[in-house]
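Structure data follow from input-v7.txt (compact mmCIF, C-alpha atoms):
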# COMPACT_ATOMS: atom_id res chain seq x y z
CA MET A 494 14.76 2.51 23.34
CA ILE A 495 15.35 0.61 20.11
CA ASP A 496 15.17 -3.16 20.53
CA LEU A 497 18.13 -4.67 18.68
CA PRO A 498 18.70 -8.44 18.40
CA GLU A 499 21.34 -9.53 20.90
CA ALA A 500 23.20 -11.62 18.30
CA PHE A 501 23.38 -8.51 16.10
CA ILE A 502 24.86 -6.43 18.94
CA GLN A 503 27.47 -9.09 19.68
CA ARG A 504 28.54 -9.20 16.06
CA MET A 505 28.71 -5.41 15.86
CA ARG A 506 30.92 -5.46 18.99
CA ARG A 507 33.38 -7.72 17.15
CA GLN A 508 33.04 -5.59 14.02
CA LEU A 509 33.39 -2.12 15.59
CA GLY A 510 35.35 -2.64 18.80
CA ASN A 511 35.63 0.70 20.61
CA GLU A 512 33.17 2.32 18.20
CA LEU A 513 30.26 0.21 19.43
CA PRO A 514 28.98 2.72 22.06
CA ASP A 515 28.92 5.47 19.43
CA PHE A 516 27.05 3.18 17.05
CA LEU A 517 24.46 2.22 19.66
CA ARG A 518 23.90 5.87 20.62
CA ALA A 519 23.37 6.72 16.96
CA MET A 520 20.85 3.90 16.65
CA GLU A 521 18.73 5.61 19.33
CA GLU A 522 18.44 8.77 17.23
CA PRO A 523 15.58 9.32 14.73
CA PRO A 524 16.20 7.88 11.25
CA VAL A 525 17.56 10.25 8.65
CA ARG A 526 15.29 11.31 5.80
CA GLY A 527 16.20 12.76 2.43
CA ILE A 528 14.74 14.16 -0.77
CA ARG A 529 16.25 14.12 -4.26
CA MET A 530 14.92 16.85 -6.53
CA ASN A 531 14.13 16.21 -10.18
CA PRO A 532 16.33 18.70 -12.10
CA PHE A 533 13.97 18.58 -15.10
CA LYS A 534 10.89 19.60 -13.09
CA SER A 535 11.27 22.94 -11.37
CA PHE A 536 8.22 24.56 -9.79
CA GLU A 537 7.22 27.63 -7.85
CA GLY A 538 7.88 27.17 -4.16
CA MET A 539 10.50 24.44 -4.52
CA ASN A 540 12.75 26.32 -2.08
CA GLY A 541 10.47 24.97 0.63
CA TYR A 542 11.97 21.54 -0.10
CA THR A 543 15.60 22.49 -0.72
CA SER A 544 16.07 24.64 2.37
CA GLY A 545 17.57 21.73 4.33
CA ASP A 546 21.25 20.84 4.34
CA PRO A 547 22.48 19.44 1.01
CA VAL A 548 23.44 15.77 0.93
CA PRO A 549 27.17 16.23 0.22
CA TRP A 550 27.78 13.17 -1.97
CA THR A 551 24.93 13.59 -4.43
CA GLU A 552 23.55 16.13 -6.82
CA ASN A 553 20.11 17.61 -6.03
CA GLY A 554 19.86 15.77 -2.68
CA TYR A 555 18.77 17.42 0.59
CA TYR A 556 18.04 16.34 4.15
CA LEU A 557 14.42 16.43 5.27
CA PRO A 558 13.07 16.91 8.79
CA ALA A 559 11.60 13.79 10.37
CA THR A 560 8.13 15.40 10.38
CA SER A 561 8.07 16.26 6.66
CA THR A 562 4.88 15.44 4.75
CA ALA A 563 6.48 15.89 1.34
CA GLY A 564 5.24 12.47 0.23
CA SER A 565 1.61 13.60 0.61
CA THR A 566 1.83 16.53 -1.79
CA VAL A 567 0.80 17.29 -5.35
CA PHE A 568 4.48 17.92 -6.10
CA HIS A 569 5.42 14.35 -5.14
CA GLU A 570 2.65 12.90 -7.31
CA ALA A 571 3.87 15.01 -10.24
CA GLY A 572 7.42 13.67 -9.99
CA ALA A 573 9.15 16.82 -8.79
CA PHE A 574 11.21 14.75 -6.35
CA TYR A 575 11.89 11.28 -5.02
CA LEU A 576 12.00 10.60 -1.28
CA GLN A 577 15.19 8.64 -0.66
CA GLU A 578 17.37 7.99 2.35
CA PRO A 579 20.63 9.97 1.84
CA ALA A 580 23.10 7.05 2.08
CA ALA A 581 21.02 5.18 -0.53
CA MET A 582 21.83 7.99 -2.98
CA MET A 583 25.48 6.90 -3.01
CA PRO A 584 25.55 3.80 -5.30
CA ALA A 585 24.13 5.60 -8.36
CA GLU A 586 26.63 8.42 -7.86
CA VAL A 587 29.48 5.90 -7.70
CA LEU A 588 28.24 4.18 -10.88
CA ASP A 589 28.35 7.61 -12.58
CA PRO A 590 26.13 6.85 -15.61
CA LYS A 591 26.55 9.06 -18.67
CA PRO A 592 24.05 10.17 -21.33
CA GLY A 593 24.17 7.79 -24.28
CA GLU A 594 25.36 4.73 -22.32
CA LEU A 595 23.70 1.34 -21.91
CA ILE A 596 23.05 0.82 -18.19
CA LEU A 597 21.46 -2.11 -16.34
CA ASP A 598 19.93 -1.84 -12.87
CA LEU A 599 19.59 -5.52 -12.05
CA CYS A 600 17.53 -5.37 -8.82
CA ALA A 601 15.73 -2.09 -9.38
CA ALA A 602 12.49 -1.90 -7.32
CA PRO A 603 11.11 0.29 -5.93
CA GLY A 604 13.06 2.65 -8.19
CA GLY A 605 15.08 5.10 -6.09
CA LYS A 606 18.40 4.26 -7.70
CA SER A 607 16.91 3.67 -11.16
CA THR A 608 15.24 7.08 -11.21
CA GLN A 609 18.53 8.61 -10.05
CA VAL A 610 20.43 6.84 -12.83
CA GLY A 611 17.79 7.79 -15.41
CA LEU A 612 17.90 11.48 -14.48
CA LYS A 613 21.69 11.50 -14.74
CA MET A 614 21.36 10.04 -18.26
CA GLY A 615 19.08 12.91 -19.28
CA GLY A 616 16.89 10.84 -21.58
CA LYS A 617 19.80 9.68 -23.76
CA GLY A 618 20.99 6.10 -24.15
CA LEU A 619 19.15 3.15 -22.61
CA LEU A 620 18.48 2.17 -19.01
CA VAL A 621 17.21 -1.37 -18.43
CA SER A 622 15.59 -1.52 -14.99
CA ASN A 623 14.94 -5.11 -13.96
CA GLU A 624 12.96 -6.47 -11.02
CA PRO A 625 12.23 -10.22 -10.69
CA VAL A 626 9.08 -9.90 -8.54
CA MET A 627 6.09 -8.80 -10.63
CA LYS A 628 4.32 -6.80 -7.93
CA ARG A 629 7.51 -4.88 -7.19
CA ALA A 630 8.19 -4.45 -10.91
CA GLN A 631 4.84 -2.69 -11.25
CA ILE A 632 5.76 -0.31 -8.40
CA LEU A 633 9.07 0.33 -10.16
CA SER A 634 7.21 1.08 -13.39
CA ARG A 635 4.95 3.62 -11.69
CA ASN A 636 7.89 5.41 -10.08
CA MET A 637 9.80 5.60 -13.36
CA GLU A 638 6.67 7.04 -14.99
CA ARG A 639 6.15 9.56 -12.18
CA ILE A 640 9.71 10.88 -12.39
CA GLY A 641 9.42 10.97 -16.19
CA ILE A 642 12.25 8.73 -17.42
CA PRO A 643 11.66 8.32 -21.20
CA ASN A 644 14.59 6.05 -22.15
CA SER A 645 14.06 3.04 -19.88
CA VAL A 646 12.87 -0.50 -20.48
CA ILE A 647 11.44 -2.19 -17.40
CA THR A 648 11.77 -5.95 -17.29
CA CYS A 649 10.74 -8.70 -14.87
CA MET A 650 13.31 -11.52 -14.77
CA TYR A 651 15.42 -13.36 -12.27
CA PRO A 652 19.09 -12.70 -13.10
CA ALA A 653 19.63 -16.30 -14.28
CA GLU A 654 16.77 -15.83 -16.78
CA ILE A 655 18.45 -12.93 -18.55
CA PRO A 656 19.30 -14.15 -22.08
CA HIS A 657 22.92 -14.73 -23.03
CA SER A 658 22.41 -12.41 -25.97
CA TRP A 659 22.86 -9.67 -23.35
CA ASP A 660 26.32 -10.90 -22.34
CA GLU A 661 28.94 -8.12 -22.29
CA MET A 662 26.29 -5.65 -23.43
CA PHE A 663 26.27 -2.93 -20.76
CA ASP A 664 28.60 -0.03 -20.01
CA GLY A 665 27.50 -0.07 -16.38
CA VAL A 666 25.67 -2.53 -14.13
CA LEU A 667 24.17 -1.70 -10.74
CA VAL A 668 23.58 -4.62 -8.38
CA ASP A 669 21.66 -3.31 -5.37
CA ALA A 670 21.24 -6.79 -3.98
CA PRO A 671 18.53 -8.08 -1.63
CA CYS A 672 20.03 -8.23 1.86
CA SER A 673 19.33 -8.66 5.56
CA GLY A 674 18.42 -4.97 5.86
CA GLU A 675 20.42 -4.11 8.98
CA GLY A 676 20.86 -0.58 7.64
CA MET A 677 17.11 -0.05 7.98
CA PHE A 678 16.90 -1.06 11.65
CA ARG A 679 16.35 2.53 12.81
CA ARG A 680 13.41 3.25 10.52
CA ASP A 681 11.75 -0.15 10.09
CA PRO A 682 11.01 -2.27 13.20
CA GLN A 683 9.94 -5.19 11.00
CA THR A 684 13.49 -5.62 9.68
CA ARG A 685 14.69 -6.04 13.28
CA SER A 686 12.07 -8.66 14.11
CA GLU A 687 12.81 -10.66 10.94
CA TRP A 688 16.62 -10.60 11.28
CA SER A 689 18.65 -13.71 12.08
CA ARG A 690 22.19 -14.95 11.51
CA GLU A 691 20.79 -17.67 9.26
CA MET A 692 18.99 -15.03 7.19
CA SER A 693 22.25 -13.16 6.59
CA ALA A 694 23.98 -16.36 5.46
CA GLY A 695 21.13 -17.04 3.04
CA CYS A 696 21.34 -13.50 1.68
CA ALA A 697 25.08 -13.84 1.11
CA LYS A 698 24.54 -17.02 -0.91
CA ARG A 699 21.93 -15.31 -3.09
CA GLN A 700 24.13 -12.24 -3.52
CA ARG A 701 27.00 -14.37 -4.84
CA GLU A 702 24.62 -15.95 -7.34
CA ILE A 703 23.38 -12.54 -8.50
CA LEU A 704 26.92 -11.19 -8.90
CA GLU A 705 27.81 -14.24 -10.97
CA GLU A 706 25.04 -13.42 -13.45
CA ALA A 707 25.78 -9.69 -13.38
CA SER A 708 29.43 -10.24 -14.27
CA ARG A 709 28.60 -11.75 -17.67
CA LEU A 710 26.40 -8.78 -18.61
CA LEU A 711 29.11 -6.12 -18.23
CA ARG A 712 31.24 -5.24 -21.23
CA PRO A 713 35.06 -5.28 -21.01
CA GLY A 714 36.16 -1.93 -19.62
CA GLY A 715 32.76 -1.39 -18.01
CA ARG A 716 32.04 -0.69 -14.36
CA MET A 717 29.85 -2.50 -11.85
CA VAL A 718 28.56 -1.27 -8.51
CA TYR A 719 27.56 -3.78 -5.84
CA SER A 720 25.56 -2.36 -2.95
CA THR A 721 23.48 -3.46 0.02
CA CYS A 722 21.70 -1.74 2.91
CA THR A 723 23.32 -3.88 5.59
CA TYR A 724 26.36 -3.65 7.88
CA ASN A 725 27.10 -7.37 7.73
CA PRO A 726 30.63 -8.18 6.42
CA GLU A 727 29.42 -11.63 5.32
CA GLU A 728 27.12 -9.92 2.80
CA ASN A 729 29.46 -7.04 2.05
CA GLU A 730 33.26 -7.32 2.17
CA GLU A 731 33.35 -11.14 2.31
CA THR A 732 30.93 -11.55 -0.61
CA ALA A 733 32.89 -8.95 -2.59
CA ARG A 734 36.25 -10.60 -1.82
CA GLU A 735 34.99 -14.04 -2.81
CA PHE A 736 33.71 -12.62 -6.10
CA LEU A 737 36.95 -10.79 -6.87
CA ASP A 738 39.07 -13.83 -5.96
CA THR A 739 37.15 -15.98 -8.43
CA HIS A 740 36.79 -13.34 -11.18
CA THR A 741 40.29 -12.15 -11.95
CA ASP A 742 38.98 -10.05 -14.84
CA PHE A 743 37.41 -7.70 -12.24
CA SER A 744 39.20 -5.31 -9.90
CA GLU A 745 38.01 -2.92 -7.23
CA GLU A 746 38.28 0.76 -8.14
CA ALA A 747 38.80 3.60 -5.68
CA PHE A 748 36.12 6.31 -5.66
CA HIS A 749 35.83 9.67 -3.98
CA LEU A 750 32.70 11.74 -3.51
CA ASN A 751 32.24 14.83 -1.41
CA GLY A 752 32.24 13.50 2.16
CA ILE A 753 32.84 9.92 1.01
CA ASN A 754 36.18 8.15 0.63
CA GLY A 755 36.13 4.77 -1.09
CA GLU A 756 39.91 4.48 -1.14
CA ASN A 757 39.84 0.67 -1.20
CA GLY A 758 36.99 0.53 -3.70
CA PHE A 759 34.24 0.30 -1.10
CA MET A 760 32.49 2.31 1.58
CA VAL A 761 30.45 1.13 4.57
CA CYS A 762 28.11 3.86 5.78
CA MET A 763 27.17 3.74 9.46
CA PRO A 764 24.99 6.25 11.33
CA HIS A 765 27.71 7.22 13.83
CA ARG A 766 30.11 8.02 10.97
CA ILE A 767 27.90 9.81 8.45
CA ARG A 768 24.51 11.47 8.47
CA GLY A 769 22.58 8.58 6.99
CA GLU A 770 21.47 4.99 7.44
CA GLY A 771 23.35 1.79 6.61
CA GLN A 772 24.75 1.32 3.10
CA PHE A 773 27.59 -0.67 1.55
CA THR A 774 28.91 0.37 -1.88
CA LEU A 775 31.64 -1.30 -3.94
CA LEU A 776 32.93 -0.15 -7.33
CA MET A 777 34.49 -2.68 -9.69
CA LYS A 778 35.86 -2.50 -13.22
CA LYS A 779 36.01 -5.26 -15.79
CA LYS A 780 39.38 -5.52 -17.50
CA GLY A 781 39.79 -5.01 -21.23
CA GLU A 782 38.11 -2.81 -23.80
CA ARG A 783 34.97 -3.30 -25.85
CA GLU A 784 35.62 -4.72 -29.30
CA GLY A 785 33.16 -3.70 -31.99
CA SER A 786 29.78 -2.03 -31.56
CA THR A 787 26.86 -3.16 -29.44
CA GLU A 788 24.09 -4.91 -31.38
CA THR A 789 20.84 -3.11 -30.59
CA LYS A 790 17.64 -2.48 -32.50
CA ILE A 791 14.03 -1.32 -32.10
CA PRO A 792 12.57 -4.66 -30.94
CA PHE A 793 8.87 -3.90 -31.54
CA GLY A 794 6.64 -3.50 -34.57
CA ALA A 795 6.55 -0.05 -36.16
CA ALA A 796 3.72 2.38 -35.46
CA GLY A 797 1.45 2.70 -38.48
CA ARG A 798 1.37 5.81 -40.65
CA GLU A 799 -2.37 6.31 -40.06
CA GLU A 800 -1.89 6.04 -36.29
CA LYS A 801 0.88 8.62 -36.38
CA GLU A 802 -1.27 11.01 -38.40
CA LEU A 803 -4.23 10.51 -36.06
CA LEU A 804 -2.02 11.20 -33.04
CA LYS A 805 -0.58 14.34 -34.64
CA LYS A 806 -4.07 15.60 -35.48
CA THR A 807 -5.58 14.76 -32.08
CA ILE A 808 -2.80 16.09 -29.81
CA PRO A 809 -0.29 18.25 -31.69
CA GLY A 810 3.08 18.47 -29.96
CA LEU A 811 3.44 14.91 -28.67
CA PRO A 812 6.59 13.01 -29.73
CA GLU A 813 6.22 10.86 -32.82
CA PRO A 814 6.11 7.16 -31.91
CA ASN A 815 8.65 4.80 -33.47
CA ALA A 816 7.01 1.56 -32.30
CA ARG A 817 3.83 -0.05 -31.03
CA LEU A 818 3.60 -2.36 -28.01
CA GLY A 819 0.15 -3.88 -27.72
CA ASN A 820 -2.25 -0.98 -28.10
CA LYS A 821 0.34 1.57 -26.92
CA LEU A 822 2.17 3.94 -29.26
CA ILE A 823 5.67 4.33 -27.83
CA PHE A 824 9.04 5.88 -28.48
CA VAL A 825 11.76 3.46 -27.47
CA PRO A 826 15.56 3.63 -27.83
CA ALA A 827 17.49 0.85 -29.55
CA CYS A 828 17.52 -2.17 -27.22
CA PRO A 829 19.24 -5.51 -26.81
CA ASP A 830 17.35 -8.56 -28.05
CA LEU A 831 14.11 -8.83 -26.04
CA THR A 832 13.07 -12.26 -27.31
CA GLY A 833 11.56 -14.16 -24.36
CA VAL A 834 12.02 -11.20 -21.99
CA ARG A 835 9.08 -10.12 -19.77
CA VAL A 836 8.75 -6.43 -20.61
CA ILE A 837 6.63 -4.31 -18.23
CA ARG A 838 7.23 -0.94 -19.88
CA ALA A 839 9.25 0.07 -22.92
CA GLY A 840 10.48 3.59 -23.56
CA LEU A 841 8.03 6.48 -23.45
CA GLN A 842 4.37 5.45 -23.60
CA ILE A 843 2.85 8.20 -25.72
CA ALA A 844 -0.75 7.23 -26.38
CA GLU A 845 -3.22 4.37 -26.40
CA VAL A 846 -5.11 3.34 -29.53
CA ARG A 847 -8.78 2.50 -29.00
CA GLY A 848 -10.46 1.75 -32.29
CA LYS A 849 -10.42 4.94 -34.36
CA ASN A 850 -9.35 7.12 -31.42
CA VAL A 851 -6.14 7.81 -29.54
CA PHE A 852 -5.84 8.78 -25.89
CA PRO A 853 -2.67 10.36 -24.49
CA ASP A 854 -0.84 8.26 -21.91
CA HIS A 855 -0.09 9.65 -18.46
CA ALA A 856 3.62 8.97 -19.10
CA SER A 857 3.65 11.46 -21.97
CA ALA A 858 2.50 14.17 -19.57
CA MET A 859 5.21 13.26 -17.03
CA ASN A 860 8.03 12.98 -19.60
CA ILE A 861 11.06 15.03 -18.53
CA LEU A 862 11.79 15.93 -22.18
CA ARG A 863 8.26 17.07 -23.06
CA ASN A 864 8.12 20.21 -25.24
CA GLY A 865 6.00 23.31 -24.66
CA MET A 866 3.70 23.08 -27.70
CA ILE A 867 0.77 21.39 -25.96
CA GLN A 868 -2.21 23.31 -24.53
CA ASN A 869 -1.77 23.86 -20.78
CA THR A 870 -4.35 24.73 -18.13
CA ALA A 871 -3.04 26.14 -14.86
CA LEU A 872 -4.90 25.11 -11.70
CA ASP A 873 -5.14 26.75 -8.30
CA ALA A 874 -4.32 24.80 -5.14
CA ARG A 875 -7.87 23.56 -4.51
CA SER A 876 -8.39 22.46 -8.13
CA ALA A 877 -5.01 20.68 -8.21
CA SER A 878 -5.95 18.66 -5.12
CA ARG A 879 -9.36 17.84 -6.62
CA TYR A 880 -7.73 16.77 -9.89
CA ILE A 881 -5.40 14.31 -8.13
CA ALA A 882 -8.49 12.92 -6.36
CA GLY A 883 -10.12 12.27 -9.76
CA GLU A 884 -12.73 15.03 -9.87
CA GLU A 885 -13.79 17.06 -12.90
CA ILE A 886 -12.38 20.58 -13.16
CA GLN A 887 -14.02 23.78 -14.35
CA GLY A 888 -12.11 25.41 -17.20
CA ASP A 889 -12.29 26.88 -20.70
CA ALA A 890 -9.93 24.44 -22.42
CA LYS A 891 -11.19 22.72 -25.55
CA GLY A 892 -9.92 19.26 -26.35
CA TRP A 893 -6.86 17.64 -24.77
CA THR A 894 -4.98 19.79 -22.29
CA LEU A 895 -2.19 19.34 -19.77
CA LEU A 896 -3.14 20.39 -16.26
CA SER A 897 -0.51 22.05 -14.11
CA TYR A 898 -0.02 23.58 -10.69
CA ASN A 899 2.72 26.09 -9.81
CA GLY A 900 4.43 25.38 -13.13
CA LEU A 901 4.44 21.60 -12.67
CA VAL A 902 2.49 19.31 -15.02
CA LEU A 903 0.10 16.95 -13.23
CA GLY A 904 -1.52 15.02 -16.07
CA TRP A 905 -4.16 15.10 -18.83
CA GLY A 906 -7.72 16.40 -19.07
CA LYS A 907 -10.14 16.95 -21.93
CA GLY A 908 -12.14 20.15 -22.03
CA SER A 909 -15.62 20.79 -23.38
CA SER A 910 -18.40 23.29 -22.54
CA GLY A 911 -16.59 24.78 -19.54
CA THR A 912 -15.68 21.45 -17.94
CA ILE A 913 -12.42 19.51 -18.09
CA LYS A 914 -12.94 15.76 -17.85
CA ASN A 915 -10.43 14.12 -15.54
CA HIS A 916 -8.00 11.67 -17.21
CA TYR A 917 -5.70 11.20 -14.21
CA PRO A 918 -5.15 7.40 -13.96
CA LYS A 919 -7.64 5.81 -11.58
CA GLY A 920 -4.95 3.69 -9.92
CA LEU A 921 -2.98 6.82 -8.95
CA ARG A 922 -5.81 8.93 -7.54
CA LYS A 923 -5.49 10.08 -3.95
CA GLU A 924 -7.54 12.20 -1.59
CA HIS A 925 -6.28 14.65 1.04
CA ILE A 926 -3.26 15.73 -1.03
CA LEU A 927 -1.37 18.80 0.20
CA THR A 928 -0.41 21.65 -2.11
CA GLU A 929 1.44 24.34 -0.14
CA THR A 930 5.13 24.03 0.67
CA ASP A 931 4.73 25.62 4.11
CA GLN A 932 2.93 22.40 5.12
CA VAL A 933 6.05 20.28 4.61
CA ARG A 934 8.86 22.34 6.08
Full structure transcribed into structure tokens:
Amino acid sequence: MIDLPEAFIQRMRRQLGNELPDFLRAMEEPPVRGIRMNPFKSFEGMNGYTSGDPVPWTENGYYLPATSTAGSTVFHEAGAFYLQEPAAMMPAEVLDPKPGELILDLCAAPGGKSTQVGLKMGGKGLLVSNEPVMKRAQILSRNMERIGIPNSVITCMYPAEIPHSWDEMFDGVLVDAPCSGEGMFRRDPQTRSEWSREMSAGCAKRQREILEEASRLLRPGGRMVYSTCTYNPEENEETAREFLDTHTDFSEEAFHLNGINGENGFMVCMPHRIRGEGQFTLLMKKKGEREGSTETKIPFGAAGREEKELLKKTIPGLPEPNARLGNKLIFVPACPDLTGVRVIRAGLQIAEVRGKNVFPDHASAMNILRNGMIQNTALDARSASRYIAGEEIQGDAKGWTLLSYNGLVLGWGKGSSGTIKNHYPKGLRKEHILTETDQVR
């Protein structure tokens, strides 16, 4: 039996009335799991992951059985999918980002919603994914790399630190705010043990501060989504109402997704009402229309001509870099002013310059828009598992090659004399990785 805080149950009784018994019964059921497929990375055997019921309100989302080991597979490491609770797939769908837009995900780690937004943008426009805590920002960066988002800039700032040069810059802003986490009570016992009424009040205060900063970053006519993974009205409806009452240039906007009705501009997901965990989502629009064009530029030094030529000679088929960040050759979209901004990752990291040599970056292998001109070496199941573990591979490739399994690119190797040296990043290597889809059904 799930151990829920008594003060939480009493509040839910006031909140739900006659629905409380249904809610408590639902809380005794196993947590719901989901998977969101990467539409740019199809692979042989993917039907083993999409055979579950579709998540009705999102594209490419499916329910997973509680016993699934999808997160321990080669396919997960190669970015073929992102494991995400189904209700958490809703905010990015409500934001509805379009290719070519400027989008800000203000509280982005670990990256579920940012990867969802980035895939919907299809590599066009700019996604700024921000996370104020450095350790979490690094996790966010790895997930964006794994899924293969080429048009994102990952930053590490508290919302109040974001420069005013970004004011009224973005077409869409997603505020998935830190919260008391009541919506995770079924799957995470730690959230239950840490919960308190005082914690919820503190979260609501911080959420109001974050919304205040977010409001200045949205352009007139733009849309903002505020979301949490809690049931608490103090953090949800009350925080939203206080913001709207004090920001008359914002209004709630109705939204409708398959199986979801945000008639009043918001939706509270509860496990006895939908097949998912707890999630609050609010859609708002800023009044007015943008005047003039957005001032953006390539904010880094240009890549040198000799470096470009060396890259083209060493690994034909890689994108041509348009900038250099440190010793990385990158391709980055036009950005807002990044002066004083802590940048963790910018655009697509193509290659690293080391003296007179260049080495392809793992991100360039994972890029969703990568072309088919680069040498490719197909691996069997055993070799794919060994490659992810960091071992050398036997093969006839000469020079730099992409290594793949079941049609899915895993990373880089360099072949010579019948051996392919492993260039899978050391920090990503894992042992005991599964390869066959019948192990995850």
- Could you please give me, as a ChimeraX atom specification, the residues of protein, DNA or RNA lying at most 8 Å from (32.6, 9.5, -3.2) in the coordinate frame of the file, considering all atoms listed in the file? /A:550,583,586-587,748-755
Mind writing the picked residues with C-alpha atoms as a compact mmCIF listing (two decimals), in the coordinates of the input?
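Result file follows (selection14.txt):
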# COMPACT_ATOMS: atom_id res chain seq x y z
CA TRP A 550 27.78 13.17 -1.97
CA MET A 583 25.48 6.90 -3.01
CA GLU A 586 26.63 8.42 -7.86
CA VAL A 587 29.48 5.90 -7.70
CA PHE A 748 36.12 6.31 -5.66
CA HIS A 749 35.83 9.67 -3.98
CA LEU A 750 32.70 11.74 -3.51
CA ASN A 751 32.24 14.83 -1.41
CA GLY A 752 32.24 13.50 2.16
CA ILE A 753 32.84 9.92 1.01
CA ASN A 754 36.18 8.15 0.63
CA GLY A 755 36.13 4.77 -1.09
- Distance query Pro558 of chain A at most 8 Å, only C-alpha atoms, self and fewer than 2 positions along chain excluded, as a PyMOL selection string: chain A and resi 526+545+556+560-561+934
- Pick out the residues sitting within 6 Å of segment 828-843 of chain A, and hand them over as JSON, numbers by chain; count all atoms listed in the file, and ignore anything fewer than 3 positions along from it in its own chain. {"A": [643, 644, 645, 646, 647, 648, 649, 789, 790, 822, 823, 824, 825, 854, 856, 857]}
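Only residues having an atom at most 12 Å from (27.0, -13.0, -24.9) are included; using all atoms listed in the file, these are Ile655, Pro656, His657, Ser658, Trp659, Asp660, Glu661, Met662, Phe663, Glu706, Ser708, Arg709, Leu710, Leu711, Arg712, Pro713, Thr787, Glu788, Pro829 and Asp830 of chain A.
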- Query: Neighbours of Arg875 of chain A within 12 Å (only C-alpha atoms; same-chain residues fewer than 2 positions away dropped), as a VMD selection string?
  - Reply: chain A and resid 567 871 to 873 877 to 882 884 886 to 887 898 924 to 929
All residues 12 Å or closer to segment 912-918 of chain A, all atoms listed in the file, same chain fewer than 2 positions away omitted, as a PDB file with C-alpha atoms, in the frame of the given file:
ATOM      1  CA  GLU A 570       2.650  12.900  -7.310  1.00  0.00           C
ATOM      2  CA  ALA A 571       3.870  15.010 -10.240  1.00  0.00           C
ATOM      3  CA  ARG A 635       4.950   3.620 -11.690  1.00  0.00           C
ATOM      4  CA  GLU A 638       6.670   7.040 -14.990  1.00  0.00           C
ATOM      5  CA  ARG A 639       6.150   9.560 -12.180  1.00  0.00           C
ATOM      6  CA  PHE A 852      -5.840   8.780 -25.890  1.00  0.00           C
ATOM      7  CA  PRO A 853      -2.670  10.360 -24.490  1.00  0.00           C
ATOM      8  CA  ASP A 854      -0.840   8.260 -21.910  1.00  0.00           C
ATOM      9  CA  HIS A 855      -0.090   9.650 -18.460  1.00  0.00           C
ATOM     10  CA  ALA A 856       3.620   8.970 -19.100  1.00  0.00           C
ATOM     11  CA  ALA A 858       2.500  14.170 -19.570  1.00  0.00           C
ATOM     12  CA  MET A 859       5.210  13.260 -17.030  1.00  0.00           C
ATOM     13  CA  ASN A 869      -1.770  23.860 -20.780  1.00  0.00           C
ATOM     14  CA  THR A 870      -4.350  24.730 -18.130  1.00  0.00           C
ATOM     15  CA  ALA A 871      -3.040  26.140 -14.860  1.00  0.00           C
ATOM     16  CA  LEU A 872      -4.900  25.110 -11.700  1.00  0.00           C
ATOM     17  CA  SER A 876      -8.390  22.460  -8.130  1.00  0.00           C
ATOM     18  CA  ALA A 877      -5.010  20.680  -8.210  1.00  0.00           C
ATOM     19  CA  SER A 878      -5.950  18.660  -5.120  1.00  0.00           C
ATOM     20  CA  ARG A 879      -9.360  17.840  -6.620  1.00  0.00           C
ATOM     21  CA  TYR A 880      -7.730  16.770  -9.890  1.00  0.00           C
ATOM     22  CA  ILE A 881      -5.400  14.310  -8.130  1.00  0.00           C
ATOM     23  CA  ALA A 882      -8.490  12.920  -6.360  1.00  0.00           C
ATOM     24  CA  GLY A 883     -10.120  12.270  -9.760  1.00  0.00           C
ATOM     25  CA  GLU A 884     -12.730  15.030  -9.870  1.00  0.00           C
ATOM     26  CA  GLU A 885     -13.790  17.060 -12.900  1.00  0.00           C
ATOM     27  CA  ILE A 886     -12.380  20.580 -13.160  1.00  0.00           C
ATOM     28  CA  GLN A 887     -14.020  23.780 -14.350  1.00  0.00           C
ATOM     29  CA  GLY A 888     -12.110  25.410 -17.200  1.00  0.00           C
ATOM     30  CA  ASP A 889     -12.290  26.880 -20.700  1.00  0.00           C
ATOM     31  CA  ALA A 890      -9.930  24.440 -22.420  1.00  0.00           C
ATOM     32  CA  LYS A 891     -11.190  22.720 -25.550  1.00  0.00           C
ATOM     33  CA  GLY A 892      -9.920  19.260 -26.350  1.00  0.00           C
ATOM     34  CA  TRP A 893      -6.860  17.640 -24.770  1.00  0.00           C
ATOM     35  CA  THR A 894      -4.980  19.790 -22.290  1.00  0.00           C
ATOM     36  CA  LEU A 895      -2.190  19.340 -19.770  1.00  0.00           C
ATOM     37  CA  LEU A 896      -3.140  20.390 -16.260  1.00  0.00           C
ATOM     38  CA  VAL A 902       2.490  19.310 -15.020  1.00  0.00           C
ATOM     39  CA  LEU A 903       0.100  16.950 -13.230  1.00  0.00           C
ATOM     40  CA  GLY A 904      -1.520  15.020 -16.070  1.00  0.00           C
ATOM     41  CA  TRP A 905      -4.160  15.100 -18.830  1.00  0.00           C
ATOM     42  CA  GLY A 906      -7.720  16.400 -19.070  1.00  0.00           C
ATOM     43  CA  LYS A 907     -10.140  16.950 -21.930  1.00  0.00           C
ATOM     44  CA  GLY A 908     -12.140  20.150 -22.030  1.00  0.00           C
ATOM     45  CA  SER A 909     -15.620  20.790 -23.380  1.00  0.00           C
ATOM     46  CA  SER A 910     -18.400  23.290 -22.540  1.00  0.00           C
ATOM     47  CA  GLY A 920      -4.950   3.690  -9.920  1.00  0.00           C
ATOM     48  CA  LEU A 921      -2.980   6.820  -8.950  1.00  0.00           C
ATOM     49  CA  ARG A 922      -5.810   8.930  -7.540  1.00  0.00           C
ATOM     50  CA  LYS A 923      -5.490  10.080  -3.950  1.00  0.00           C
TER      51      LYS A 923
END
- Message: Please list as a ChimeraX atom specification every residue within 12 Å of His740 of chain A, counting all atoms listed in the file and excluding residues in the same chain fewer than 4 positions away.
- Response: /A:701,704-709,733-736,744-745,777-780
